[in-house]
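Colleague: Structure file target33.cif, mmCIF, C-alpha atoms, is pasted below:
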```cif
data_final
#
loop_
_atom_site.label_atom_id
_atom_site.label_comp_id
_atom_site.auth_asym_id
_atom_site.auth_seq_id
_atom_site.Cartn_x
_atom_site.Cartn_y
_atom_site.Cartn_z
CA MET H 1 -46.06 -62.17 37.95
CA ASN H 2 -45.61 -58.40 37.85
CA GLN H 3 -42.04 -57.35 37.31
CA THR H 4 -40.90 -53.77 37.76
CA LYS H 5 -39.08 -52.54 34.67
CA SER H 6 -36.88 -49.62 33.78
CA ILE H 7 -38.65 -47.76 30.98
CA LEU H 8 -37.17 -44.96 28.89
CA VAL H 9 -39.63 -42.76 27.00
CA LEU H 10 -38.13 -40.79 24.11
CA GLY H 11 -39.94 -37.64 23.01
CA ARG H 12 -38.76 -37.59 19.39
CA ARG H 13 -41.74 -36.18 17.49
CA ASP H 14 -44.39 -35.27 20.07
CA PRO H 15 -42.97 -34.24 23.45
CA THR H 16 -46.42 -33.55 24.89
CA GLU H 17 -47.61 -37.07 24.09
CA ALA H 18 -44.36 -38.48 25.50
CA MET H 19 -45.11 -36.74 28.80
CA ARG H 20 -48.66 -38.14 28.82
CA VAL H 21 -47.41 -41.67 28.19
CA ALA H 22 -44.74 -41.41 30.90
CA ALA H 23 -47.31 -40.09 33.37
CA GLY H 24 -49.69 -42.93 32.51
CA LEU H 25 -47.02 -45.57 33.02
CA THR H 26 -46.41 -44.42 36.59
CA ILE H 27 -49.46 -46.41 37.74
CA PHE H 28 -47.55 -49.65 37.14
CA ASN H 29 -44.70 -48.68 39.53
CA HIS H 30 -42.05 -48.99 36.83
CA THR H 31 -38.92 -46.85 36.97
CA LEU H 32 -39.43 -44.21 34.29
CA ASN H 33 -37.09 -41.80 32.58
CA LEU H 34 -38.04 -39.33 29.85
CA VAL H 35 -35.66 -37.79 27.32
CA PHE H 36 -36.78 -35.10 24.89
CA LEU H 37 -35.01 -35.11 21.52
CA VAL H 38 -36.87 -32.01 20.32
CA ALA H 39 -37.72 -28.72 22.00
CA VAL H 40 -40.69 -28.85 24.36
CA PRO H 41 -43.14 -26.08 23.47
CA SER H 42 -43.52 -23.61 26.31
CA THR H 43 -47.22 -23.95 27.08
CA PRO H 44 -49.12 -23.98 30.37
CA GLU H 45 -50.17 -27.60 29.69
CA ASN H 46 -46.56 -28.73 29.20
CA ALA H 47 -45.36 -26.83 32.28
CA GLU H 48 -48.08 -28.52 34.34
CA MET H 49 -47.19 -31.94 32.91
CA LEU H 50 -43.48 -31.46 33.69
CA GLU H 51 -44.40 -30.55 37.25
CA LEU H 52 -46.59 -33.67 37.56
CA LEU H 53 -43.78 -35.86 36.23
CA GLU H 54 -41.32 -34.35 38.70
CA PHE H 55 -43.79 -34.99 41.53
CA SER H 56 -44.13 -38.60 40.29
CA ASP H 57 -40.33 -39.09 40.37
CA VAL H 58 -40.05 -39.35 36.57
CA GLU H 59 -36.66 -37.99 35.63
CA SER H 60 -36.88 -35.74 32.56
CA LYS H 61 -33.88 -34.69 30.49
CA THR H 62 -33.29 -33.28 27.01
CA THR H 63 -30.71 -33.30 24.26
CA VAL H 64 -31.76 -29.77 23.26
CA ALA H 65 -30.06 -26.69 24.69
CA ASP H 66 -31.94 -23.99 26.61
CA GLN H 67 -34.83 -26.09 27.89
CA ALA H 68 -36.48 -26.23 31.33
CA VAL H 69 -35.01 -29.69 32.06
CA PRO H 70 -31.37 -30.81 32.37
CA GLN H 71 -29.48 -31.38 29.14
CA ILE H 72 -27.62 -34.61 28.35
CA GLY H 73 -25.20 -35.52 25.59
CA ALA H 74 -25.15 -38.35 23.09
CA SER H 75 -23.12 -40.69 25.28
CA GLU H 76 -25.49 -40.24 28.23
CA LEU H 77 -28.47 -40.88 25.95
CA ALA H 78 -26.85 -44.02 24.57
CA ALA H 79 -26.15 -45.26 28.11
CA ALA H 80 -29.78 -44.62 29.11
CA ILE H 81 -31.04 -46.57 26.09
CA VAL H 82 -28.77 -49.52 26.85
CA ALA H 83 -29.69 -49.51 30.56
CA ALA H 84 -33.45 -49.49 29.97
CA ASP H 85 -35.49 -52.68 29.90
CA GLU H 86 -37.93 -51.04 27.46
CA VAL H 87 -37.67 -47.96 25.20
CA ILE H 88 -40.75 -46.19 23.89
CA ASN H 89 -40.36 -43.74 20.98
CA LEU H 90 -42.95 -41.02 20.53
#
```
Can I see the file as structure tokens?
Modeller:
Amino acid sequence: MNQTKSILVLGRRDPTEAMRVAAGLTIFNHTLNLVFLVAVPSTPENAEMLELLEFSDVESKTTVADQAVPQIGASELAAAIVAADEVINL
């Protein structure tokens, strides 16, 4: 039986790979959220991937100031981790 899960992808070391993984998981109809814990390099590939994730209803946030996505604090990150059925660290 397929069960829809809430999945949180954390971009801790490789934000580009975290975006790829989150995009790939959209085919399973899970609810996905993505939080970057490091700065996302400003490249055309990353900008395109962020746009694809937004189009796919994957909510992206960051703990780093001055990024292209909304910033969250430690308490919001902790709440997101607790609320998720699965957490993937990349």
Colleague: With distances taken over all atoms listed in the file, which residue among H:Val82, H:Leu34, H:Arg12, H:Val21 lies nearest Asp57 in chain H?
Modeller: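 Counting all atoms listed in the file, the residue closest to Asp57 in chain H is H:Leu34.
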Colleague: What separation in Å, quoted to one decimal, exists between CA of Glu54 in chain H and CA of Asn33 in chain H?
Modeller: 10.5 Å
Colleague: Please provide the set of residues having any atom within 7 Å of Ile88 in chain H, restricted to all atoms listed in the file, with same-chain residues fewer than 4 positions apart removed, written as a PDB file with C-alpha atoms, in the coordinates of the input.
Modeller:
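Now in result22.pdb:
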```pdb
ATOM      1  CA  LEU H   8     -37.170 -44.960  28.890  1.00  0.00           C
ATOM      2  CA  VAL H   9     -39.630 -42.760  27.000  1.00  0.00           C
ATOM      3  CA  LEU H  10     -38.130 -40.790  24.110  1.00  0.00           C
TER       4      LEU H  10
END
```
Colleague: Skipping near chain neighbours, those fewer than 6 positions away, what residues fall within 12 Å of Glu76 in chain H using only C-alpha atoms, listed as JSON, numbers by chain?
Modeller: {"H": [35, 61, 62, 63, 70, 82, 83]}
Colleague: If the PyMOL selection byres ((chain H and resi 86) around 7) is run on the structure shown, which residues does it catch, given as a list in words?
Modeller: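 When the PyMOL selection byres ((chain H and resi 86) around 7) is applied to the shown file, the picked residues are Ser6, Ile7, Leu8, Ala84, Asp85, Val87 and Ile88 of chain H.
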Colleague: Closest to Val64 in chain H among H:Thr43, H:Val38, H:Leu52, H:Ile27, using only C-alpha atoms?
Modeller: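 Checking each candidate against Val64 in chain H, we get H:Val38 as the closest.
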Colleague: Tell me, in Å to one decimal, how far CA of Leu50 in chain H is from CA of Lys5 in chain H.
Modeller: 21.6 Å
Colleague: Just checking: using only C-alpha atoms, which residue out of H:Asn89, H:Asn46, H:Ser56, H:Thr26 ends up closest to Val69 in chain H?
Modeller: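 Among H:Asn89, H:Asn46, H:Ser56, H:Thr26, it is H:Asn46 that comes nearest to Val69 in chain H.
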Colleague: Under the rule that all atoms listed in the file are counted, which of H:Arg13, H:Gly73, H:Ile81, H:Ala68 is the nearest residue to Ser42 in chain H?
Modeller: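 Ranking H:Arg13, H:Gly73, H:Ile81, H:Ala68 by distance to Ser42 in chain H, first place goes to H:Ala68.
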Colleague: Please enumerate the residues selected by the PyMOL selection byres ((chain H and resi 40) around 6) when evaluated against the supplied file, formatted as a list in words.
Modeller: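 This file gives the following for the PyMOL selection byres ((chain H and resi 40) around 6): Pro15, Ala39 and Pro41 of chain H.
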Colleague: Any chance you could work out the axis-aligned box around range 40-47 of chain H, listed atoms only, 4 Å on each side, giving centre and edge lengths in Å to one decimal, as JSON?
Modeller:
```
{"center_x": -45.4, "center_y": -26.2, "center_z": 27.9, "size_x": 17.5, "size_y": 13.2, "size_z": 16.8}
```
Colleague: Which of these residues is nearest to Arg20 in chain H, using only C-alpha atoms: H:Pro44, H:Ser75, H:Leu53, H:Gln67?
Modeller: H:Leu53
Colleague: Between CA of Asn29 in chain H and CA of Glu48 in chain H, what is the distance in Å, rounded to a tenth?
Modeller: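 Going from CA of Asn29 in chain H over to CA of Glu48 in chain H covers 21.1 Å.
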Colleague: In terms of the shortest atom-to-atom distance over all atoms listed in the file, which of H:Glu51, H:Asp66, H:Asp14, H:Glu59 is closest to Ala80 in chain H?
Modeller: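 Closest candidate: H:Glu59.
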